[in-house]
Amino acid sequence: MFSWSKQSSPTPPHVVLIPRNEHLSSYLNHSVLKPSTRKVSTDDTMYDTVFQTTNGFALILRIYVPADNKKAPQMTLHGVIASHSWLDIRMRVIGYAPISSDQSWRYSKLKLGDAVYAVIHHFQLQPPSISQIVDENLSRLQQTLSGTSMNNATIKSNPPTTTFPSNIAHKSNGITVQAKAIDKKEAACKVDEDELSSLIPRVPSSFTEIDEMSLSELSDLVNNKTTLDTFINKIPVVEALKELKESIENANVDTAMANLALEEKVESICSEVETLKQDLKSNIEKYNKLDARRAAMTRPPEIHEAVRELTAAKKKALHESDEFADDWVESGGSDVTAFVKKFMDTRVLHHMRAAKAERLKMSTV
């Protein structure tokens with residue numbers, strides 16, 4: 001770890017769960033992190049911690065601590081463009097489960113110092129692949145460590161790739177947290193107001209450089225556009241905004257290239273979806289027709305229709321039994337037993353239909 005000469009005391013608002021001042025104290029007074037941590041914002045919301053990976057790179061982990069203690073802290077690798085399974089395109093840490101959402105942070109019961117230590121420890125053992133150093137201070141620090149000139153040059157480091165399952169247990173100072181599966185796409189796309197406020201530097205209330213200028217220098221600054229532009233470009237806030245602008249542009253380019261690489265696949269999937277959509281529409285139409293037929297076939301008849309059909313069937317059975325009896329007499333039938341059985345069956349059917357029709361009529365009264 002590296003030492004910063006300056007530290008700041010947190011401002012502890014009262015909140016539920018672990019108080020915010022305890023979170024900050026656990027971080028700023030952490031036995032390992034304290035010497036290499038400094039405050040980089042005018043309030044107590046943003047801090048940097050410098051650490052070195054096993055492959056020799058110095059990195060800066062920037063921590064944003066929301067004023068609302070119910071919200072999870074946000075961590076980003078500052079001053080570099082890198083790739084790692086725990087980082088999104090804005091270098092924001094999304095792979096550490098306890099800070100993946102506000103709810104996960106509350107349930108983890110971790111203090112901020114333990115969470116920061118766990119993330120740094122992971123990056124130390126599994127270093128990200130550094131593509132470019134965009135922060136001058138970090139570049140000078142790396143130059144001091146390596147003895148070679150970096151100066152925003154492109155760098156490649158390829159640590160061994162390790163896949164961490166969603167149920168891996170993160171241990172930090174005796175605290176074990178069961179990691180939960182997170183939706184990296186949502187985490188990578190979500191940008192809230194607090195994050196924007198943390199990324200965009202505040203406008204200085206005064207400029208000490210101007211206060212120290214002589215009258216002639218001030219006159220030259222006002223009347224000479226080149227001098228004014230040079231002065232403005234050297235203001236730290238302007239430099240930070242340019243760095244932010246460049247990082248956003250690079251991230252947009254990377255996202256656009258990734259989208260273009262998937263263009264053919266997306267078009268193929270869209271075509272397949274359209275075909276399935278047409279097939280589904282056709283099948284739904286067939287289903288609706290068959291379902292209408294089923295409903296018509298299984299629908300109970302209206303009572304008056306049932307009474308009418310039973311009355312007609314009753315009369316038919318009576319007419320059949322009368323005709324059967326007349327035919328038997330005229331033919332001089334001799335088998336009385338067979339005659340009586342068939343005649344009685346027909347007459348019983350007649351009376352059953354008559355009784356059913358009568359009961360249906362009574363049910364409507």
# chains A, B, ... in the order shown; residues from 1 in each chain; ligands from 1
>>> residues_around(residues="segment 245-247 of chain A", least_positions_apart="3", cutoff="9 Å", atoms="only C-alpha atoms", output="ChimeraX atom specification")
/A:81,90,134,240-242,250-252
>>> residues_around(residues="Ser25 of chain A", least_positions_apart="2", cutoff="9 Å", atoms="only C-alpha atoms", output="list of chain:residue names")
A:Ser9, A:Pro10, A:Arg20, A:Asn21, A:Glu22, A:His23, A:Tyr27, A:Leu28, A:Asn29, A:His30, A:Leu112, A:Gly113
>>> write_last_selection(atoms="N, CA, C and O atoms", output="PDB file, in the first residue's frame")
ATOM      1  N   SER A   9     -11.951  13.525   8.191  1.00  0.00           N
ATOM      2  CA  SER A   9     -12.902  12.869   9.081  1.00  0.00           C
ATOM      3  C   SER A   9     -14.277  12.876   8.451  1.00  0.00           C
ATOM      4  O   SER A   9     -14.702  13.870   7.886  1.00  0.00           O
ATOM      5  N   PRO A  10     -15.001  11.767   8.529  1.00  0.00           N
ATOM      6  CA  PRO A  10     -16.328  11.713   7.932  1.00  0.00           C
ATOM      7  C   PRO A  10     -17.343  12.516   8.715  1.00  0.00           C
ATOM      8  O   PRO A  10     -17.188  12.749   9.907  1.00  0.00           O
ATOM      9  N   ARG A  20     -23.732   5.550   9.056  1.00  0.00           N
ATOM     10  CA  ARG A  20     -22.803   5.935   8.004  1.00  0.00           C
ATOM     11  C   ARG A  20     -21.419   6.257   8.565  1.00  0.00           C
ATOM     12  O   ARG A  20     -20.393   5.965   7.946  1.00  0.00           O
ATOM     13  N   ASN A  21     -21.383   6.845   9.748  1.00  0.00           N
ATOM     14  CA  ASN A  21     -20.075   7.181  10.334  1.00  0.00           C
ATOM     15  C   ASN A  21     -19.287   5.917  10.674  1.00  0.00           C
ATOM     16  O   ASN A  21     -18.055   5.900  10.602  1.00  0.00           O
ATOM     17  N   GLU A  22     -19.997   4.840  11.020  1.00  0.00           N
ATOM     18  CA  GLU A  22     -19.301   3.574  11.274  1.00  0.00           C
ATOM     19  C   GLU A  22     -18.737   2.999   9.977  1.00  0.00           C
ATOM     20  O   GLU A  22     -17.637   2.436   9.965  1.00  0.00           O
ATOM     21  N   HIS A  23     -19.507   3.122   8.895  1.00  0.00           N
ATOM     22  CA  HIS A  23     -19.002   2.680   7.590  1.00  0.00           C
ATOM     23  C   HIS A  23     -17.717   3.429   7.229  1.00  0.00           C
ATOM     24  O   HIS A  23     -16.702   2.815   6.853  1.00  0.00           O
ATOM     25  N   TYR A  27     -13.621   2.156   7.084  1.00  0.00           N
ATOM     26  CA  TYR A  27     -12.836   2.301   5.856  1.00  0.00           C
ATOM     27  C   TYR A  27     -11.596   3.168   6.092  1.00  0.00           C
ATOM     28  O   TYR A  27     -10.463   2.768   5.805  1.00  0.00           O
ATOM     29  N   LEU A  28     -11.815   4.358   6.653  1.00  0.00           N
ATOM     30  CA  LEU A  28     -10.706   5.300   6.822  1.00  0.00           C
ATOM     31  C   LEU A  28      -9.715   4.860   7.892  1.00  0.00           C
ATOM     32  O   LEU A  28      -8.549   5.279   7.868  1.00  0.00           O
ATOM     33  N   ASN A  29     -10.168   4.029   8.836  1.00  0.00           N
ATOM     34  CA  ASN A  29      -9.289   3.557   9.898  1.00  0.00           C
ATOM     35  C   ASN A  29      -8.914   2.090   9.743  1.00  0.00           C
ATOM     36  O   ASN A  29      -8.422   1.466  10.693  1.00  0.00           O
ATOM     37  N   HIS A  30      -9.172   1.548   8.573  1.00  0.00           N
ATOM     38  CA  HIS A  30      -8.826   0.156   8.315  1.00  0.00           C
ATOM     39  C   HIS A  30      -7.305  -0.013   8.397  1.00  0.00           C
ATOM     40  O   HIS A  30      -6.539   0.787   7.840  1.00  0.00           O
ATOM     41  N   LEU A 112     -18.164  -0.812   5.350  1.00  0.00           N
ATOM     42  CA  LEU A 112     -17.538  -0.326   4.127  1.00  0.00           C
ATOM     43  C   LEU A 112     -16.075  -0.762   4.021  1.00  0.00           C
ATOM     44  O   LEU A 112     -15.610  -1.161   2.952  1.00  0.00           O
ATOM     45  N   GLY A 113     -15.339  -0.691   5.116  1.00  0.00           N
ATOM     46  CA  GLY A 113     -13.933  -1.068   5.086  1.00  0.00           C
ATOM     47  C   GLY A 113     -13.731  -2.515   4.662  1.00  0.00           C
ATOM     48  O   GLY A 113     -12.825  -2.829   3.878  1.00  0.00           O
TER      49      GLY A 113
END
>>> residues_around(residues="Ile60 of chain A", least_positions_apart="2", cutoff="6 Å", atoms="only C-alpha atoms", output="PyMOL selection string")
chain A and resi 49-50+77-78
>>> atom_distance(atom1="atom CA of Phe123 of chain A", atom2="atom CA of Leu59 of chain A")
9.2 Å
>>> atom_distance(atom1="atom CA of Asn55 of chain A", atom2="atom CA of Asp135 of chain A")
19.3 Å
>>> residues_around(residues="segment 313-329 of chain A", least_positions_apart="2", cutoff="9 Å", atoms="only C-alpha atoms", output="PDB file with all heavy atoms, in the first residue's frame")
ATOM      1  N   ARG A 308     -88.862 -28.547 -25.713  1.00  0.00           N
ATOM      2  CA  ARG A 308     -89.444 -28.754 -27.042  1.00  0.00           C
ATOM      3  C   ARG A 308     -88.961 -30.068 -27.650  1.00  0.00           C
ATOM      4  O   ARG A 308     -89.760 -30.842 -28.200  1.00  0.00           O
ATOM      5  CB  ARG A 308     -89.047 -27.590 -27.949  1.00  0.00           C
ATOM      6  CG  ARG A 308     -89.675 -27.650 -29.346  1.00  0.00           C
ATOM      7  CD  ARG A 308     -89.215 -26.462 -30.178  1.00  0.00           C
ATOM      8  NE  ARG A 308     -87.781 -26.485 -30.382  1.00  0.00           N
ATOM      9  CZ  ARG A 308     -87.183 -27.274 -31.305  1.00  0.00           C
ATOM     10  NH1 ARG A 308     -87.893 -28.083 -32.079  1.00  0.00           N
ATOM     11  NH2 ARG A 308     -85.857 -27.237 -31.436  1.00  0.00           N
ATOM     12  N   GLU A 309     -87.643 -30.352 -27.535  1.00  0.00           N
ATOM     13  CA  GLU A 309     -87.111 -31.587 -28.100  1.00  0.00           C
ATOM     14  C   GLU A 309     -87.627 -32.816 -27.350  1.00  0.00           C
ATOM     15  O   GLU A 309     -87.929 -33.856 -27.961  1.00  0.00           O
ATOM     16  CB  GLU A 309     -85.574 -31.556 -28.060  1.00  0.00           C
ATOM     17  CG  GLU A 309     -84.980 -30.524 -29.007  1.00  0.00           C
ATOM     18  CD  GLU A 309     -83.457 -30.538 -28.985  1.00  0.00           C
ATOM     19  OE1 GLU A 309     -82.893 -31.429 -28.310  1.00  0.00           O
ATOM     20  OE2 GLU A 309     -82.839 -29.667 -29.628  1.00  0.00           O
ATOM     21  N   LEU A 310     -87.739 -32.736 -26.009  1.00  0.00           N
ATOM     22  CA  LEU A 310     -88.283 -33.863 -25.236  1.00  0.00           C
ATOM     23  C   LEU A 310     -89.754 -34.115 -25.568  1.00  0.00           C
ATOM     24  O   LEU A 310     -90.198 -35.270 -25.651  1.00  0.00           O
ATOM     25  CB  LEU A 310     -88.128 -33.586 -23.736  1.00  0.00           C
ATOM     26  CG  LEU A 310     -86.727 -33.747 -23.162  1.00  0.00           C
ATOM     27  CD1 LEU A 310     -86.655 -33.216 -21.724  1.00  0.00           C
ATOM     28  CD2 LEU A 310     -86.301 -35.214 -23.198  1.00  0.00           C
ATOM     29  N   THR A 311     -90.512 -33.040 -25.783  1.00  0.00           N
ATOM     30  CA  THR A 311     -91.934 -33.203 -26.144  1.00  0.00           C
ATOM     31  C   THR A 311     -92.074 -33.893 -27.490  1.00  0.00           C
ATOM     32  O   THR A 311     -92.912 -34.802 -27.676  1.00  0.00           O
ATOM     33  CB  THR A 311     -92.626 -31.830 -26.176  1.00  0.00           C
ATOM     34  OG1 THR A 311     -92.507 -31.209 -24.880  1.00  0.00           O
ATOM     35  CG2 THR A 311     -94.095 -31.958 -26.527  1.00  0.00           C
ATOM     36  N   SER A 331    -101.235 -58.448 -37.854  1.00  0.00           N
ATOM     37  CA  SER A 331    -100.462 -59.584 -38.372  1.00  0.00           C
ATOM     38  C   SER A 331    -100.775 -60.879 -37.640  1.00  0.00           C
ATOM     39  O   SER A 331    -100.253 -61.948 -37.984  1.00  0.00           O
ATOM     40  CB  SER A 331     -98.963 -59.297 -38.266  1.00  0.00           C
ATOM     41  OG  SER A 331     -98.596 -59.151 -36.895  1.00  0.00           O
ATOM     42  N   GLY A 332    -101.639 -60.768 -36.597  1.00  0.00           N
ATOM     43  CA  GLY A 332    -101.999 -61.973 -35.838  1.00  0.00           C
ATOM     44  C   GLY A 332    -100.824 -62.528 -35.076  1.00  0.00           C
ATOM     45  O   GLY A 332    -100.596 -63.745 -35.069  1.00  0.00           O
ATOM     46  N   GLY A 333    -100.107 -61.684 -34.457  1.00  0.00           N
ATOM     47  CA  GLY A 333     -98.916 -62.102 -33.727  1.00  0.00           C
ATOM     48  C   GLY A 333     -99.233 -63.100 -32.625  1.00  0.00           C
ATOM     49  O   GLY A 333    -100.285 -63.016 -31.969  1.00  0.00           O
ATOM     50  N   SER A 334     -98.299 -63.987 -32.407  1.00  0.00           N
ATOM     51  CA  SER A 334     -98.522 -65.046 -31.416  1.00  0.00           C
ATOM     52  C   SER A 334     -97.575 -64.959 -30.229  1.00  0.00           C
ATOM     53  O   SER A 334     -97.879 -65.469 -29.151  1.00  0.00           O
ATOM     54  CB  SER A 334     -98.380 -66.424 -32.085  1.00  0.00           C
ATOM     55  OG  SER A 334     -97.087 -66.528 -32.702  1.00  0.00           O
ATOM     56  N   PHE A 339     -93.826 -59.296 -27.625  1.00  0.00           N
ATOM     57  CA  PHE A 339     -94.612 -58.091 -27.927  1.00  0.00           C
ATOM     58  C   PHE A 339     -94.689 -57.175 -26.705  1.00  0.00           C
ATOM     59  O   PHE A 339     -94.471 -55.962 -26.804  1.00  0.00           O
ATOM     60  CB  PHE A 339     -96.014 -58.485 -28.384  1.00  0.00           C
ATOM     61  CG  PHE A 339     -96.982 -57.346 -28.360  1.00  0.00           C
ATOM     62  CD1 PHE A 339     -96.930 -56.324 -29.312  1.00  0.00           C
ATOM     63  CD2 PHE A 339     -97.947 -57.239 -27.330  1.00  0.00           C
ATOM     64  CE1 PHE A 339     -97.826 -55.272 -29.259  1.00  0.00           C
ATOM     65  CE2 PHE A 339     -98.817 -56.176 -27.282  1.00  0.00           C
ATOM     66  CZ  PHE A 339     -98.768 -55.184 -28.258  1.00  0.00           C
ATOM     67  N   LYS A 342     -91.232 -55.366 -25.915  1.00  0.00           N
ATOM     68  CA  LYS A 342     -90.889 -54.250 -26.803  1.00  0.00           C
ATOM     69  C   LYS A 342     -91.877 -53.113 -26.638  1.00  0.00           C
ATOM     70  O   LYS A 342     -91.487 -51.928 -26.644  1.00  0.00           O
ATOM     71  CB  LYS A 342     -90.856 -54.746 -28.246  1.00  0.00           C
ATOM     72  CG  LYS A 342     -90.380 -53.694 -29.209  1.00  0.00           C
ATOM     73  CD  LYS A 342     -90.189 -54.256 -30.603  1.00  0.00           C
ATOM     74  CE  LYS A 342     -89.662 -53.181 -31.550  1.00  0.00           C
ATOM     75  NZ  LYS A 342     -89.471 -53.705 -32.916  1.00  0.00           N
ATOM     76  N   PHE A 343     -93.170 -53.424 -26.476  1.00  0.00           N
ATOM     77  CA  PHE A 343     -94.194 -52.386 -26.314  1.00  0.00           C
ATOM     78  C   PHE A 343     -93.935 -51.601 -25.029  1.00  0.00           C
ATOM     79  O   PHE A 343     -94.029 -50.370 -25.017  1.00  0.00           O
ATOM     80  CB  PHE A 343     -95.587 -53.030 -26.300  1.00  0.00           C
ATOM     81  CG  PHE A 343     -96.697 -52.036 -26.134  1.00  0.00           C
ATOM     82  CD1 PHE A 343     -97.142 -51.287 -27.217  1.00  0.00           C
ATOM     83  CD2 PHE A 343     -97.288 -51.808 -24.874  1.00  0.00           C
ATOM     84  CE1 PHE A 343     -98.178 -50.367 -27.054  1.00  0.00           C
ATOM     85  CE2 PHE A 343     -98.285 -50.876 -24.721  1.00  0.00           C
ATOM     86  CZ  PHE A 343     -98.742 -50.155 -25.815  1.00  0.00           C
ATOM     87  N   MET A 344     -93.624 -52.340 -23.926  1.00  0.00           N
ATOM     88  CA  MET A 344     -93.399 -51.665 -22.656  1.00  0.00           C
ATOM     89  C   MET A 344     -92.119 -50.798 -22.690  1.00  0.00           C
ATOM     90  O   MET A 344     -92.088 -49.709 -22.104  1.00  0.00           O
ATOM     91  CB  MET A 344     -93.288 -52.698 -21.534  1.00  0.00           C
ATOM     92  CG  MET A 344     -94.624 -53.370 -21.205  1.00  0.00           C
ATOM     93  SD  MET A 344     -95.882 -52.168 -20.686  1.00  0.00           S
ATOM     94  CE  MET A 344     -95.157 -51.576 -19.173  1.00  0.00           C
ATOM     95  N   ASP A 345     -91.092 -51.293 -23.367  1.00  0.00           N
ATOM     96  CA  ASP A 345     -89.869 -50.481 -23.469  1.00  0.00           C
ATOM     97  C   ASP A 345     -90.147 -49.153 -24.158  1.00  0.00           C
ATOM     98  O   ASP A 345     -89.654 -48.093 -23.735  1.00  0.00           O
ATOM     99  CB  ASP A 345     -88.793 -51.254 -24.238  1.00  0.00           C
ATOM    100  CG  ASP A 345     -88.220 -52.414 -23.431  1.00  0.00           C
ATOM    101  OD1 ASP A 345     -88.432 -52.423 -22.200  1.00  0.00           O
ATOM    102  OD2 ASP A 345     -87.571 -53.292 -24.021  1.00  0.00           O
ATOM    103  N   THR A 346     -90.905 -49.194 -25.234  1.00  0.00           N
ATOM    104  CA  THR A 346     -91.219 -47.972 -25.975  1.00  0.00           C
ATOM    105  C   THR A 346     -92.089 -47.041 -25.150  1.00  0.00           C
ATOM    106  O   THR A 346     -91.885 -45.818 -25.141  1.00  0.00           O
ATOM    107  CB  THR A 346     -91.910 -48.299 -27.298  1.00  0.00           C
ATOM    108  OG1 THR A 346     -91.151 -49.273 -28.000  1.00  0.00           O
ATOM    109  CG2 THR A 346     -92.054 -47.060 -28.171  1.00  0.00           C
ATOM    110  N   ARG A 347     -93.096 -47.617 -24.424  1.00  0.00           N
ATOM    111  CA  ARG A 347     -93.982 -46.789 -23.613  1.00  0.00           C
ATOM    112  C   ARG A 347     -93.224 -46.194 -22.404  1.00  0.00           C
ATOM    113  O   ARG A 347     -93.474 -45.046 -22.022  1.00  0.00           O
ATOM    114  CB  ARG A 347     -95.173 -47.611 -23.123  1.00  0.00           C
ATOM    115  CG  ARG A 347     -96.287 -47.755 -24.156  1.00  0.00           C
ATOM    116  CD  ARG A 347     -96.761 -46.351 -24.588  1.00  0.00           C
ATOM    117  NE  ARG A 347     -97.747 -46.420 -25.654  1.00  0.00           N
ATOM    118  CZ  ARG A 347     -99.070 -46.369 -25.487  1.00  0.00           C
ATOM    119  NH1 ARG A 347     -99.567 -46.272 -24.271  1.00  0.00           N
ATOM    120  NH2 ARG A 347     -99.868 -46.424 -26.530  1.00  0.00           N
ATOM    121  N   VAL A 348     -92.298 -46.970 -21.791  1.00  0.00           N
ATOM    122  CA  VAL A 348     -91.499 -46.439 -20.682  1.00  0.00           C
ATOM    123  C   VAL A 348     -90.646 -45.260 -21.153  1.00  0.00           C
ATOM    124  O   VAL A 348     -90.523 -44.241 -20.465  1.00  0.00           O
ATOM    125  CB  VAL A 348     -90.608 -47.545 -20.081  1.00  0.00           C
ATOM    126  CG1 VAL A 348     -89.563 -46.940 -19.135  1.00  0.00           C
ATOM    127  CG2 VAL A 348     -91.456 -48.550 -19.319  1.00  0.00           C
ATOM    128  N   LEU A 349     -90.064 -45.401 -22.372  1.00  0.00           N
ATOM    129  CA  LEU A 349     -89.287 -44.292 -22.934  1.00  0.00           C
ATOM    130  C   LEU A 349     -90.169 -43.070 -23.129  1.00  0.00           C
ATOM    131  O   LEU A 349     -89.742 -41.929 -22.864  1.00  0.00           O
ATOM    132  CB  LEU A 349     -88.668 -44.743 -24.265  1.00  0.00           C
ATOM    133  CG  LEU A 349     -87.762 -43.722 -24.972  1.00  0.00           C
ATOM    134  CD1 LEU A 349     -86.575 -43.339 -24.098  1.00  0.00           C
ATOM    135  CD2 LEU A 349     -87.273 -44.270 -26.305  1.00  0.00           C
ATOM    136  N   HIS A 350     -91.409 -43.293 -23.565  1.00  0.00           N
ATOM    137  CA  HIS A 350     -92.365 -42.186 -23.756  1.00  0.00           C
ATOM    138  C   HIS A 350     -92.636 -41.477 -22.441  1.00  0.00           C
ATOM    139  O   HIS A 350     -92.602 -40.231 -22.368  1.00  0.00           O
ATOM    140  CB  HIS A 350     -93.662 -42.746 -24.349  1.00  0.00           C
ATOM    141  CG  HIS A 350     -94.838 -41.850 -24.140  1.00  0.00           C
ATOM    142  ND1 HIS A 350     -95.026 -40.686 -24.837  1.00  0.00           N
ATOM    143  CD2 HIS A 350     -95.902 -41.950 -23.257  1.00  0.00           C
ATOM    144  CE1 HIS A 350     -96.147 -40.089 -24.426  1.00  0.00           C
ATOM    145  NE2 HIS A 350     -96.704 -40.856 -23.465  1.00  0.00           N
ATOM    146  N   HIS A 351     -92.881 -42.249 -21.372  1.00  0.00           N
ATOM    147  CA  HIS A 351     -93.205 -41.634 -20.082  1.00  0.00           C
ATOM    148  C   HIS A 351     -91.981 -40.970 -19.446  1.00  0.00           C
ATOM    149  O   HIS A 351     -92.115 -39.940 -18.767  1.00  0.00           O
ATOM    150  CB  HIS A 351     -93.776 -42.714 -19.149  1.00  0.00           C
ATOM    151  CG  HIS A 351     -95.144 -43.158 -19.544  1.00  0.00           C
ATOM    152  ND1 HIS A 351     -96.253 -42.333 -19.525  1.00  0.00           N
ATOM    153  CD2 HIS A 351     -95.594 -44.380 -19.987  1.00  0.00           C
ATOM    154  CE1 HIS A 351     -97.330 -42.995 -19.922  1.00  0.00           C
ATOM    155  NE2 HIS A 351     -96.940 -44.262 -20.226  1.00  0.00           N
ATOM    156  N   MET A 352     -90.790 -41.546 -19.659  1.00  0.00           N
ATOM    157  CA  MET A 352     -89.584 -40.909 -19.133  1.00  0.00           C
ATOM    158  C   MET A 352     -89.349 -39.537 -19.765  1.00  0.00           C
ATOM    159  O   MET A 352     -89.018 -38.560 -19.080  1.00  0.00           O
ATOM    160  CB  MET A 352     -88.357 -41.801 -19.393  1.00  0.00           C
ATOM    161  CG  MET A 352     -88.288 -43.038 -18.494  1.00  0.00           C
ATOM    162  SD  MET A 352     -86.836 -44.045 -18.863  1.00  0.00           S
ATOM    163  CE  MET A 352     -85.537 -42.897 -18.483  1.00  0.00           C
ATOM    164  N   ARG A 353     -89.537 -39.461 -21.072  1.00  0.00           N
ATOM    165  CA  ARG A 353     -89.366 -38.175 -21.758  1.00  0.00           C
ATOM    166  C   ARG A 353     -90.417 -37.171 -21.317  1.00  0.00           C
ATOM    167  O   ARG A 353     -90.118 -35.975 -21.156  1.00  0.00           O
ATOM    168  CB  ARG A 353     -89.419 -38.396 -23.264  1.00  0.00           C
ATOM    169  CG  ARG A 353     -88.202 -39.132 -23.807  1.00  0.00           C
ATOM    170  CD  ARG A 353     -88.344 -39.519 -25.248  1.00  0.00           C
ATOM    171  NE  ARG A 353     -87.105 -40.148 -25.744  1.00  0.00           N
ATOM    172  CZ  ARG A 353     -86.981 -40.700 -26.947  1.00  0.00           C
ATOM    173  NH1 ARG A 353     -88.027 -40.711 -27.785  1.00  0.00           N
ATOM    174  NH2 ARG A 353     -85.841 -41.255 -27.312  1.00  0.00           N
ATOM    175  N   ALA A 354     -91.635 -37.655 -21.095  1.00  0.00           N
ATOM    176  CA  ALA A 354     -92.709 -36.772 -20.624  1.00  0.00           C
ATOM    177  C   ALA A 354     -92.384 -36.238 -19.224  1.00  0.00           C
ATOM    178  O   ALA A 354     -92.599 -35.062 -18.927  1.00  0.00           O
ATOM    179  CB  ALA A 354     -94.044 -37.520 -20.630  1.00  0.00           C
ATOM    180  N   ALA A 357     -89.568 -33.615 -19.408  1.00  0.00           N
ATOM    181  CA  ALA A 357     -90.088 -32.345 -19.923  1.00  0.00           C
ATOM    182  C   ALA A 357     -90.881 -31.607 -18.858  1.00  0.00           C
ATOM    183  O   ALA A 357     -90.791 -30.376 -18.714  1.00  0.00           O
ATOM    184  CB  ALA A 357     -90.947 -32.602 -21.159  1.00  0.00           C
TER     185      ALA A 357
END
>>> atom_distance(atom1="atom CA of Ile235 of chain A", atom2="atom CA of Leu138 of chain A")
18.3 Å
